[in-house]
Amino acid sequence: MGRRSGSLWILLVVATFLKGCQCGNQVTLTDNGYSTVLVAISEKVPESDNPDLVQNIITAFTEGSAYLYGATKNRAYFKNVTVLIPYTWVDKPDIYEDATFETFEKANIRVDLPTAHRGDRAFTRTYGKCGMIGAFVHVTPTSLGQDTAGRSLVHHWAHYRWGVFDEFATRKTNLFYENNAGSRSPTLCTTGIQAKLVDESGQDCNPGNEGPIVCHYQFESDTSAQASVMFYPELPTVTSFCDSDPSSPNYHNFHALGSDQNQFCNFRSTWDVISASDDFSGNNNPQRTISDTTPNIKLVYYRTRAERVSLVLDVSGSIDIGTLLPRLNQEASKYINSFAEGSKLGLITFNARAEVRHALTEIAGDADRQSLTDALPSFTYGATSIGAAIQEGLTMLKPTGLGGTIVLMTDGQENTAPMIQDVWPQVLEQKVTLVTIAIGEYADSSLEDLASQTGGLSFYDTEDAAHLSEIFSAISAQDSDIIQLTAGSVDVTTEGETHEGTVRIDSSCGNNTVFQFTYVCQDMSSLPASPVVLYAPDGTAYGVKEFDGHGRYSEEEEDHRSEEHGRGSAGGYVIDTTAGTVQITIPGTAQEGLWRYTVTAGTPAPCVALTIGIPDINPAIQTSITTTPSSELPVIECTGTLAHNVMNFREEGQRMQSFYVVVQQDYVCGLSAHVQVYITEPTGREVNLTMHDNGLGADMLANDGVYSAYFSGIGQNGRYNVRVQVSGRVYIDANCLAGVGETWDPFGGTTSTSTDGYNVEVDRIVSIGSFQVTHFMPVHDYFPPARVTDVQIDSSDMGQDTVVLQWTAPGGDLDDGQADHYHIAVSNNITTLLQDFDSAVSVQVHDCADRADCVLNNPSGSGSHEQLVFVIPDGFSDETVYIGLRGVDDEGNMGELSNIVTYSVGIRTKGGPAIVITVVTVFAVLVILVTCMVGAVLWKKGKLKRPASAVSTRSTQPVLNRATDVERGDHVIRATFNPSAPLPPISASKPDRSVLFRAKKEPDEHIVQPKPASQERGEDVVRANFNTRQVLLPPIQSAPKDTTAMFLVPKVTGEDLGQTQGASQEREETTVTATSATQEEAMATTQVTETHIPLLEEQHPEELDMPSQHAPGTDRDEGTVQTGENQMSDHNPSVHPPPLHPPPYEELFQEQEEEIDIVTDEEKKRLQEEEMRRLQEEEEERQRKEEEKRKKKKRKE
């Protein structure tokens, strides 16, 4: 266990530098310096036209490093930067080092050609929400040659690294905002920037006329503002980010409602978001004096593009040789056969130790592939050492230089040295990419971290290996030009049954197209002559031929059979009985259009597990169709990521999982696609969701080519695998940048020329990978309604101060289901909505135009259009008000504050009835105050007597053997005290109300004897013990003699209270003995100190009503209550206390079961947290024990 926890600790330390998209090169921040920053020059950028490009990159990073250091308040700079030189440039061995793991696709900053829509202006592709790391920064050779390239670099690094947004107008709809004075100002931050918006002729742009013209910012010459970097860093005076300090000159402009930073980060300042990032939160990388911020820049050249892969397979005893091992070998052989010539591949197996089954070999032909296939394992045994497996993989790849890939498959947890932590430094040093495949629920929990920290993918499959085919296809496509068109699986139940399918091939791809069908647990010899028939869009058939069952056909045989069958046969048709596959390769470029295929099943013969507890594998046919780009057009790409590799439900920031997929063609948006995400749960069940590009829910910006979805369907702890299917007609919008949307140049005064787009039918599969869920408790509702981001006011005139508010409904759990109700608030101060939403004026049902069906309490389902017509509540007149809303679910979980809209309230005068009500209310209050003051004076002088009718006097007979009833409650205390004040009559209390009394300590008197008490006390003391175990309490201290207090107690009609006895404790001051009745036939009594009875009888003989002491019983506990500032009441309106000393009716009753438990709110919260932790630990222990039981049954060591 010590080694295991240590390995996790190492992984978590590294993971603190990662948050969000794990789709590229991993950058770390150590000792304030960013290391391993990767810049890559595109192979399309010609060297001859850009002789100064490399030097411009060095200059931009040198100047940008110093600028970044100042903007982050001495907390970060660029320390180590690697620049990848493309293979299309001339090699300079004396300058360029060998590239290892670096690729253009993994680069943090890409140097590429200008885009048609944006030209040379840099941009950052972002996937998701505020604070999430982006995909990459795009710059051009021209932009890097500008004088302000270093400042612009920092601006976009903030987008990429910290997930902050622009603070200028990014769309024509957010050019202006309404300032404090009620006039319109240009969108900017800070307000200290002196600027205005003008058109191309220099004339002012005014609100309302910005639509048909092109506006841009024009700065005053005396502008001296220091912020913000996210507004316009090119201004010489700008050196800082906007912050949330009202006294700072860099104070964030949250009035600019339309700025992207306010919209997407919910009005948080950029510095607040940056400070909360993993780079700086928890005092990471505090301010440090760095004398030289010049980065170390390394130039590397890609001299070889061949893959170098070490395939590492688990053969420990938990791998069942009847089910899982044959499936692994089947998919591994397909993976081996997918390697192109020139690639290098080796094979390692491991259990308690690792063994090289086949040395790293360059693939020269089928003989090498067959040699690797023959080396696949045939038996399993022993323990599991993942560290040994990784170490052997590193040793295999090391002679070929840094980099390379280890594909690691395991179904177990490491239990034998060396451990992962022992070899992890070597992994980082050797810069190897790890790709992990977890099989079953017991696979080691560190696999996702291993992959993400090295830039690799992680996958999960259940023990029946239902998705292994598509997983290995996804691994083949990583860092290559292979495109997955479709993948799937169908179960086989009857011999000879047929299944049909279709796939679209678009004009951007079609080379090296391969249709592969894997027969899982079927007798290949039982297949018909042509088990698969494939039809091209023009009707050409592939696969109409005879099959003799002797295995793989040679190319000569294929050609011969094609000639024999004429048009009925074409292409390379291969049946591999060893791998259990039928593969059809389309020669040349496949036809554009819809392809159809028919697959015939063989004899169903389930793979039977030979290990107890391991499930059988049912017969199935798995389909995988891949292709590569054609040379005619840029390929239509689909890439994806997820928000969290690990969802730890103890961390609030990791509870919301979301998925993102970008559809693009050469940076241009692909719109209107049908995108479905498929999630395989730990149980193997598959669920699917539709992903949207509508700017709602998880989606940040509508129509930007990024499709998003929340996932709130977490049902248990474990691994979840994610893949996405993109299909249908996609509109390629040449006027939109994917992940950026439609933008214009607010500083250059120019706009791009509109370009026509086109529609194309596509099919794509995107394998996003797997994620883990930990510390999830199904009994808790973790998910509030999603934030509403499209609140708007309908401009139609509904009458004075009548607002038509419209928005899209969230769900009860993020964007799933429906909310319980809405909380809509109005304020004339935006700060109130942002910082103290509950104190703003709430819109109530009586404000709604349709009170019978007001949407406030009747939300529609997620995604529905909501509309609320309401009147602005009273209290606002001739001013601008801010309106925002939050969805609330049935558990009270409240969503984030929506976007905020404004409304100008007209002049409103209060009517006659309102004035009358106000006057009458004020007059009544004055009369009550005067009456109380006069009464107090008369009482003090003895001229005001209490009438006898105010007290019920009874004969003093003992109360014996009376049963409790519901009107008294289960716990009853009878106690009266205070020698200087009259007592009210005993009155009935509400059901189930127990009496509670709190008292303060005084420093004067100490009672040395320990007394029974309910629990330890702090500042407040309780002396009452209700029939529970005896707990010794520290000595109590008495109150001053003039302390006054009283409280009311239940009574039963006809009950008589008799003589009292002396105090139960020796005290000179006020003493109370309390008893409780909790069972049938229980009795209650009250005692007052004998020395005080004469005083009470003398002052108010008719009012004294005391119970007599009965024989003690088993249900009676005594305690002492010290008087103090707090008093009690049972809230019974029938009680009429004396005028001078009215008891309070608000604070002191609390329901109790066995003990009185007085704790502060902080103590309650602490106890609740402890109970939560205890329940979680019990649940984890239970799961651990169940897991151990299953493992004992499962494993065959």
# chains A, B, ... in the order shown; residues from 1 in each chain; ligands from 1

$ residues_around --residues "A:Asn899" --least-positions-apart "5" --cutoff "12 Å" --atoms "only C-alpha atoms" --output "JSON, numbers by chain"
{"A": [254, 255, 256, 257, 258, 259, 260, 261, 262, 263, 264, 265, 266, 267, 696, 787, 788, 789, 790, 791, 792, 793, 806, 807, 808, 824, 830, 833, 834, 882, 883, 884, 885, 886]}

$ select_by_dssp --residues "stretch 221-306 of chain A" --states "helix (DSSP H, G or I)" --output "short mmCIF file (atom, residue, chain, number, x, y, z; two decimals) with all heavy atoms, in the first residue's frame"
data_model
loop_
_atom_site.label_atom_id
_atom_site.label_comp_id
_atom_site.auth_asym_id
_atom_site.auth_seq_id
_atom_site.Cartn_x
_atom_site.Cartn_y
_atom_site.Cartn_z
N ASP A 260 -17.05 39.28 -24.04
CA ASP A 260 -16.95 37.82 -23.91
C ASP A 260 -16.53 37.41 -22.51
O ASP A 260 -16.99 36.40 -21.98
CB ASP A 260 -15.96 37.27 -24.94
CG ASP A 260 -16.54 37.24 -26.34
OD1 ASP A 260 -17.73 37.56 -26.50
OD2 ASP A 260 -15.80 36.89 -27.28
N GLN A 261 -15.64 38.17 -21.88
CA GLN A 261 -15.18 37.82 -20.54
C GLN A 261 -16.35 37.85 -19.55
O GLN A 261 -16.49 36.95 -18.72
CB GLN A 261 -14.08 38.79 -20.08
CG GLN A 261 -13.59 38.57 -18.66
CD GLN A 261 -12.92 37.22 -18.44
OE1 GLN A 261 -12.42 36.62 -19.39
NE2 GLN A 261 -12.89 36.75 -17.21
N ASN A 262 -17.20 38.87 -19.64
CA ASN A 262 -18.35 38.93 -18.75
C ASN A 262 -19.38 37.86 -19.10
O ASN A 262 -19.98 37.26 -18.21
CB ASN A 262 -19.00 40.32 -18.82
CG ASN A 262 -18.26 41.35 -17.99
OD1 ASN A 262 -17.61 41.01 -17.01
ND2 ASN A 262 -18.33 42.60 -18.38
N GLN A 263 -19.58 37.63 -20.38
CA GLN A 263 -20.58 36.65 -20.80
C GLN A 263 -20.20 35.24 -20.39
O GLN A 263 -21.00 34.49 -19.83
CB GLN A 263 -20.73 36.70 -22.33
CG GLN A 263 -21.49 37.91 -22.84
CD GLN A 263 -22.99 37.68 -22.87
OE1 GLN A 263 -23.50 36.69 -22.35
NE2 GLN A 263 -23.70 38.60 -23.46
N PHE A 264 -18.96 34.84 -20.68
CA PHE A 264 -18.56 33.44 -20.51
C PHE A 264 -17.95 33.14 -19.15
O PHE A 264 -17.89 31.98 -18.74
CB PHE A 264 -17.60 33.04 -21.62
CG PHE A 264 -18.15 33.24 -23.01
CD1 PHE A 264 -17.37 33.78 -24.01
CD2 PHE A 264 -19.46 32.90 -23.30
CE1 PHE A 264 -17.88 33.97 -25.29
CE2 PHE A 264 -19.99 33.09 -24.57
CZ PHE A 264 -19.20 33.62 -25.57
N THR A 270 -10.47 39.00 -15.39
CA THR A 270 -9.51 38.07 -15.97
C THR A 270 -8.48 37.63 -14.94
O THR A 270 -8.08 36.46 -14.91
CB THR A 270 -8.80 38.71 -17.18
OG1 THR A 270 -8.27 39.98 -16.81
CG2 THR A 270 -9.76 38.91 -18.34
N TRP A 271 -8.02 38.53 -14.10
CA TRP A 271 -7.02 38.15 -13.11
C TRP A 271 -7.60 37.20 -12.07
O TRP A 271 -6.90 36.31 -11.57
CB TRP A 271 -6.41 39.38 -12.44
CG TRP A 271 -5.32 39.02 -11.47
CD1 TRP A 271 -5.30 39.19 -10.13
CD2 TRP A 271 -4.08 38.37 -11.80
NE1 TRP A 271 -4.14 38.71 -9.58
CE2 TRP A 271 -3.36 38.20 -10.58
CE3 TRP A 271 -3.50 37.93 -12.97
CZ2 TRP A 271 -2.11 37.60 -10.53
CZ3 TRP A 271 -2.24 37.32 -12.92
CH2 TRP A 271 -1.57 37.17 -11.71
N ASP A 272 -8.89 37.34 -11.74
CA ASP A 272 -9.51 36.39 -10.82
C ASP A 272 -9.50 34.98 -11.40
O ASP A 272 -9.22 34.00 -10.70
CB ASP A 272 -10.95 36.81 -10.52
CG ASP A 272 -11.04 37.92 -9.49
OD1 ASP A 272 -9.99 38.27 -8.92
OD2 ASP A 272 -12.14 38.44 -9.27
N VAL A 273 -9.81 34.87 -12.69
CA VAL A 273 -9.81 33.56 -13.34
C VAL A 273 -8.40 32.99 -13.40
O VAL A 273 -8.15 31.82 -13.12
CB VAL A 273 -10.42 33.64 -14.74
CG1 VAL A 273 -10.34 32.29 -15.46
CG2 VAL A 273 -11.87 34.11 -14.68
N ILE A 274 -7.44 33.85 -13.77
CA ILE A 274 -6.05 33.41 -13.87
C ILE A 274 -5.53 32.97 -12.50
O ILE A 274 -4.86 31.93 -12.38
CB ILE A 274 -5.18 34.54 -14.45
CG1 ILE A 274 -5.57 34.80 -15.90
CG2 ILE A 274 -3.70 34.20 -14.35
CD1 ILE A 274 -4.95 36.06 -16.49
N SER A 275 -5.84 33.72 -11.47
CA SER A 275 -5.35 33.39 -10.12
C SER A 275 -5.93 32.08 -9.62
O SER A 275 -5.30 31.39 -8.81
CB SER A 275 -5.72 34.52 -9.15
OG SER A 275 -5.12 35.73 -9.54
N SER A 281 -3.25 28.79 -8.12
CA SER A 281 -4.10 28.58 -6.95
C SER A 281 -3.32 27.85 -5.86
O SER A 281 -2.36 27.13 -6.14
CB SER A 281 -5.33 27.76 -7.35
OG SER A 281 -4.96 26.48 -7.81
N GLY A 282 -3.76 28.02 -4.63
CA GLY A 282 -3.07 27.38 -3.51
C GLY A 282 -1.65 27.86 -3.33
O GLY A 282 -0.78 27.13 -2.87
N ASN A 283 -1.41 29.10 -3.74
CA ASN A 283 -0.07 29.72 -3.65
C ASN A 283 0.96 28.99 -4.50
O ASN A 283 2.17 29.01 -4.20
CB ASN A 283 0.40 29.80 -2.19
CG ASN A 283 1.48 30.86 -1.99
OD1 ASN A 283 1.46 31.90 -2.66
ND2 ASN A 283 2.41 30.62 -1.10
#

$ atom_distance --atom1 "atom CA of A:Gln664" --atom2 "atom CA of A:Tyr707"
11.1 Å

$ residues_around --residues "stretch 588-593 of chain A" --least-positions-apart "6" --cutoff "6 Å" --atoms "only C-alpha atoms" --output "MDAnalysis selection string"
chainID A and resid 504:507 510:511 537

$ select_by_dssp --residues "stretch 638-777 of chain A" --states "strand (DSSP E or B)" --output "PyMOL selection string"
chain A and resi 638-642+646-648+657-665+668-671+674-680+686-692+706-711+718-737+741+758-774

$ closest_residue --among "A:Cys189, A:Ile85, A:Thr581, A:Lys298" --to "A:Ser35" --atoms "only C-alpha atoms"
A:Lys298

$ atom_distance --atom1 "atom CA of A:Ala116" --atom2 "atom CA of A:Asp733"
11.3 Å

$ residues_around --residues "A:Gln426" --least-positions-apart "4" --cutoff "9 Å" --atoms "only C-alpha atoms" --output "JSON list (two decimals) with C-alpha atoms, in the first residue's frame"
[["chain", "number", "residue", "atom", "x", "y", "z"],
["A", 391, "GLN", "CA", 10.43, -0.04, -18.01],
["A", 394, "LEU", "CA", 11.37, 2.30, -22.47],
["A", 422, "ASP", "CA", 9.79, 3.78, -9.76],
["A", 430, "GLN", "CA", 12.61, 9.82, -22.42],
["A", 431, "LYS", "CA", 9.52, 11.79, -23.61]]

$ residues_around --residues "A:Ala76" --least-positions-apart "6" --cutoff "7 Å" --atoms "only C-alpha atoms" --output "number ranges by chain"
A: 32-33, 68-69

$ atom_distance --atom1 "atom CA of A:Ala66" --atom2 "atom CA of A:Asp292"
8.4 Å

$ residues_around --residues "A:Asn857" --least-positions-apart "6" --cutoff "7 Å" --atoms "only C-alpha atoms" --output "list in words"
Asp820, His821 and Tyr822 of chain A

$ residues_around --residues "A:Val766" --least-positions-apart "2" --cutoff "7 Å" --atoms "only C-alpha atoms" --output "list in words"
Cys638, Thr639, Gly640, Arg723, Val724, Gln725, Arg764 and Ile768 of chain A

$ write_last_selection --atoms "N, CA, C and O atoms" --output "mmCIF file, in the first residue's frame"
data_model
loop_
_atom_site.group_PDB
_atom_site.id
_atom_site.type_symbol
_atom_site.label_atom_id
_atom_site.label_comp_id
_atom_site.auth_asym_id
_atom_site.auth_seq_id
_atom_site.Cartn_x
_atom_site.Cartn_y
_atom_site.Cartn_z
ATOM 1 N N CYS A 638 -12.581 15.888 -37.619
ATOM 2 C CA CYS A 638 -13.379 15.872 -36.399
ATOM 3 C C CYS A 638 -12.456 15.457 -35.257
ATOM 4 O O CYS A 638 -11.920 14.347 -35.264
ATOM 5 N N THR A 639 -12.261 16.354 -34.323
ATOM 6 C CA THR A 639 -11.417 16.073 -33.157
ATOM 7 C C THR A 639 -12.203 16.385 -31.897
ATOM 8 O O THR A 639 -13.098 17.236 -31.901
ATOM 9 N N GLY A 640 -11.868 15.697 -30.818
ATOM 10 C CA GLY A 640 -12.644 15.895 -29.596
ATOM 11 C C GLY A 640 -11.826 15.792 -28.336
ATOM 12 O O GLY A 640 -10.673 15.353 -28.348
ATOM 13 N N ARG A 723 -17.078 7.724 -27.197
ATOM 14 C CA ARG A 723 -16.827 7.874 -28.630
ATOM 15 C C ARG A 723 -17.957 8.706 -29.218
ATOM 16 O O ARG A 723 -19.068 8.755 -28.666
ATOM 17 N N VAL A 724 -17.691 9.359 -30.338
ATOM 18 C CA VAL A 724 -18.648 10.283 -30.935
ATOM 19 C C VAL A 724 -18.834 9.925 -32.402
ATOM 20 O O VAL A 724 -17.863 9.650 -33.116
ATOM 21 N N GLN A 725 -20.077 9.949 -32.865
ATOM 22 C CA GLN A 725 -20.406 9.727 -34.269
ATOM 23 C C GLN A 725 -20.889 11.044 -34.874
ATOM 24 O O GLN A 725 -21.854 11.648 -34.391
ATOM 25 N N ARG A 764 -18.080 10.277 -39.654
ATOM 26 C CA ARG A 764 -16.830 10.252 -38.909
ATOM 27 C C ARG A 764 -17.064 9.632 -37.537
ATOM 28 O O ARG A 764 -18.129 9.783 -36.936
ATOM 29 N N ILE A 768 -12.848 9.708 -28.133
ATOM 30 C CA ILE A 768 -12.344 10.690 -27.177
ATOM 31 C C ILE A 768 -11.521 10.021 -26.081
ATOM 32 O O ILE A 768 -10.580 10.596 -25.552
#

$ closest_residue --among "A:Asp245, A:Thr626, A:Ala734, A:Gln218" --to "A:Ser338" --atoms "only C-alpha atoms"
A:Thr626

$ decode --residues "stretch 64-75 of chain A" --atoms "all heavy atoms" --output "PDB file, in the first residue's frame"
ATOM      1  N   GLY A  64       7.885  38.538 -25.267  1.00  0.00           N
ATOM      2  CA  GLY A  64       6.666  38.093 -24.607  1.00  0.00           C
ATOM      3  C   GLY A  64       6.914  37.541 -23.222  1.00  0.00           C
ATOM      4  O   GLY A  64       6.085  37.690 -22.325  1.00  0.00           O
ATOM      5  N   SER A  65       8.057  36.920 -23.006  1.00  0.00           N
ATOM      6  CA  SER A  65       8.379  36.373 -21.694  1.00  0.00           C
ATOM      7  C   SER A  65       8.472  37.475 -20.648  1.00  0.00           C
ATOM      8  O   SER A  65       7.943  37.351 -19.540  1.00  0.00           O
ATOM      9  CB  SER A  65       9.682  35.588 -21.761  1.00  0.00           C
ATOM     10  OG  SER A  65       9.993  35.008 -20.515  1.00  0.00           O
ATOM     11  N   ALA A  66       9.140  38.557 -20.987  1.00  0.00           N
ATOM     12  CA  ALA A  66       9.248  39.691 -20.062  1.00  0.00           C
ATOM     13  C   ALA A  66       7.880  40.322 -19.810  1.00  0.00           C
ATOM     14  O   ALA A  66       7.548  40.707 -18.678  1.00  0.00           O
ATOM     15  CB  ALA A  66      10.229  40.722 -20.613  1.00  0.00           C
ATOM     16  N   TYR A  67       7.084  40.444 -20.879  1.00  0.00           N
ATOM     17  CA  TYR A  67       5.748  41.033 -20.754  1.00  0.00           C
ATOM     18  C   TYR A  67       4.853  40.130 -19.895  1.00  0.00           C
ATOM     19  O   TYR A  67       4.089  40.615 -19.047  1.00  0.00           O
ATOM     20  CB  TYR A  67       5.153  41.218 -22.142  1.00  0.00           C
ATOM     21  CG  TYR A  67       3.875  42.021 -22.179  1.00  0.00           C
ATOM     22  CD1 TYR A  67       3.852  43.353 -21.818  1.00  0.00           C
ATOM     23  CD2 TYR A  67       2.681  41.427 -22.595  1.00  0.00           C
ATOM     24  CE1 TYR A  67       2.677  44.102 -21.875  1.00  0.00           C
ATOM     25  CE2 TYR A  67       1.498  42.161 -22.656  1.00  0.00           C
ATOM     26  CZ  TYR A  67       1.505  43.493 -22.290  1.00  0.00           C
ATOM     27  OH  TYR A  67       0.341  44.223 -22.343  1.00  0.00           O
ATOM     28  N   LEU A  68       4.945  38.833 -20.078  1.00  0.00           N
ATOM     29  CA  LEU A  68       4.168  37.878 -19.285  1.00  0.00           C
ATOM     30  C   LEU A  68       4.568  37.943 -17.817  1.00  0.00           C
ATOM     31  O   LEU A  68       3.699  37.906 -16.927  1.00  0.00           O
ATOM     32  CB  LEU A  68       4.392  36.467 -19.823  1.00  0.00           C
ATOM     33  CG  LEU A  68       3.745  35.315 -19.057  1.00  0.00           C
ATOM     34  CD1 LEU A  68       2.228  35.411 -19.118  1.00  0.00           C
ATOM     35  CD2 LEU A  68       4.209  33.970 -19.616  1.00  0.00           C
ATOM     36  N   TYR A  69       5.837  38.066 -17.551  1.00  0.00           N
ATOM     37  CA  TYR A  69       6.329  38.135 -16.173  1.00  0.00           C
ATOM     38  C   TYR A  69       5.735  39.343 -15.445  1.00  0.00           C
ATOM     39  O   TYR A  69       5.301  39.236 -14.294  1.00  0.00           O
ATOM     40  CB  TYR A  69       7.850  38.214 -16.195  1.00  0.00           C
ATOM     41  CG  TYR A  69       8.508  38.302 -14.840  1.00  0.00           C
ATOM     42  CD1 TYR A  69       8.465  37.239 -13.940  1.00  0.00           C
ATOM     43  CD2 TYR A  69       9.202  39.454 -14.463  1.00  0.00           C
ATOM     44  CE1 TYR A  69       9.077  37.317 -12.706  1.00  0.00           C
ATOM     45  CE2 TYR A  69       9.823  39.542 -13.230  1.00  0.00           C
ATOM     46  CZ  TYR A  69       9.751  38.478 -12.343  1.00  0.00           C
ATOM     47  OH  TYR A  69      10.362  38.575 -11.116  1.00  0.00           O
ATOM     48  N   GLY A  70       5.682  40.486 -16.115  1.00  0.00           N
ATOM     49  CA  GLY A  70       5.094  41.670 -15.498  1.00  0.00           C
ATOM     50  C   GLY A  70       3.584  41.571 -15.358  1.00  0.00           C
ATOM     51  O   GLY A  70       3.021  41.944 -14.324  1.00  0.00           O
ATOM     52  N   ALA A  71       2.906  41.060 -16.377  1.00  0.00           N
ATOM     53  CA  ALA A  71       1.446  40.982 -16.349  1.00  0.00           C
ATOM     54  C   ALA A  71       0.947  40.016 -15.287  1.00  0.00           C
ATOM     55  O   ALA A  71      -0.140  40.197 -14.731  1.00  0.00           O
ATOM     56  CB  ALA A  71       0.917  40.569 -17.721  1.00  0.00           C
ATOM     57  N   THR A  72       1.723  38.987 -14.974  1.00  0.00           N
ATOM     58  CA  THR A  72       1.330  38.017 -13.938  1.00  0.00           C
ATOM     59  C   THR A  72       1.888  38.388 -12.569  1.00  0.00           C
ATOM     60  O   THR A  72       1.893  37.550 -11.665  1.00  0.00           O
ATOM     61  CB  THR A  72       1.804  36.601 -14.307  1.00  0.00           C
ATOM     62  OG1 THR A  72       3.224  36.607 -14.478  1.00  0.00           O
ATOM     63  CG2 THR A  72       1.136  36.116 -15.583  1.00  0.00           C
ATOM     64  N   LYS A  73       2.360  39.613 -12.418  1.00  0.00           N
ATOM     65  CA  LYS A  73       2.866  40.095 -11.133  1.00  0.00           C
ATOM     66  C   LYS A  73       4.037  39.242 -10.647  1.00  0.00           C
ATOM     67  O   LYS A  73       4.080  38.776  -9.510  1.00  0.00           O
ATOM     68  CB  LYS A  73       1.741  40.136 -10.097  1.00  0.00           C
ATOM     69  CG  LYS A  73       0.546  40.968 -10.548  1.00  0.00           C
ATOM     70  CD  LYS A  73      -0.585  40.961  -9.537  1.00  0.00           C
ATOM     71  CE  LYS A  73      -1.781  41.759 -10.051  1.00  0.00           C
ATOM     72  NZ  LYS A  73      -2.911  41.771  -9.110  1.00  0.00           N
ATOM     73  N   ASN A  74       4.969  39.002 -11.565  1.00  0.00           N
ATOM     74  CA  ASN A  74       6.208  38.272 -11.268  1.00  0.00           C
ATOM     75  C   ASN A  74       5.975  36.812 -10.885  1.00  0.00           C
ATOM     76  O   ASN A  74       6.682  36.263 -10.045  1.00  0.00           O
ATOM     77  CB  ASN A  74       6.997  38.974 -10.148  1.00  0.00           C
ATOM     78  CG  ASN A  74       7.356  40.402 -10.497  1.00  0.00           C
ATOM     79  OD1 ASN A  74       7.148  40.849 -11.619  1.00  0.00           O
ATOM     80  ND2 ASN A  74       7.897  41.113  -9.529  1.00  0.00           N
ATOM     81  N   ARG A  75       4.992  36.188 -11.545  1.00  0.00           N
ATOM     82  CA  ARG A  75       4.684  34.806 -11.177  1.00  0.00           C
ATOM     83  C   ARG A  75       4.889  33.805 -12.313  1.00  0.00           C
ATOM     84  O   ARG A  75       4.811  32.602 -12.071  1.00  0.00           O
ATOM     85  CB  ARG A  75       3.243  34.714 -10.654  1.00  0.00           C
ATOM     86  CG  ARG A  75       2.998  35.556  -9.405  1.00  0.00           C
ATOM     87  CD  ARG A  75       1.623  35.370  -8.843  1.00  0.00           C
ATOM     88  NE  ARG A  75       1.434  34.041  -8.263  1.00  0.00           N
ATOM     89  CZ  ARG A  75       0.329  33.661  -7.618  1.00  0.00           C
ATOM     90  NH1 ARG A  75      -0.673  34.517  -7.471  1.00  0.00           N
ATOM     91  NH2 ARG A  75       0.239  32.433  -7.127  1.00  0.00           N
TER      92      ARG A  75
END
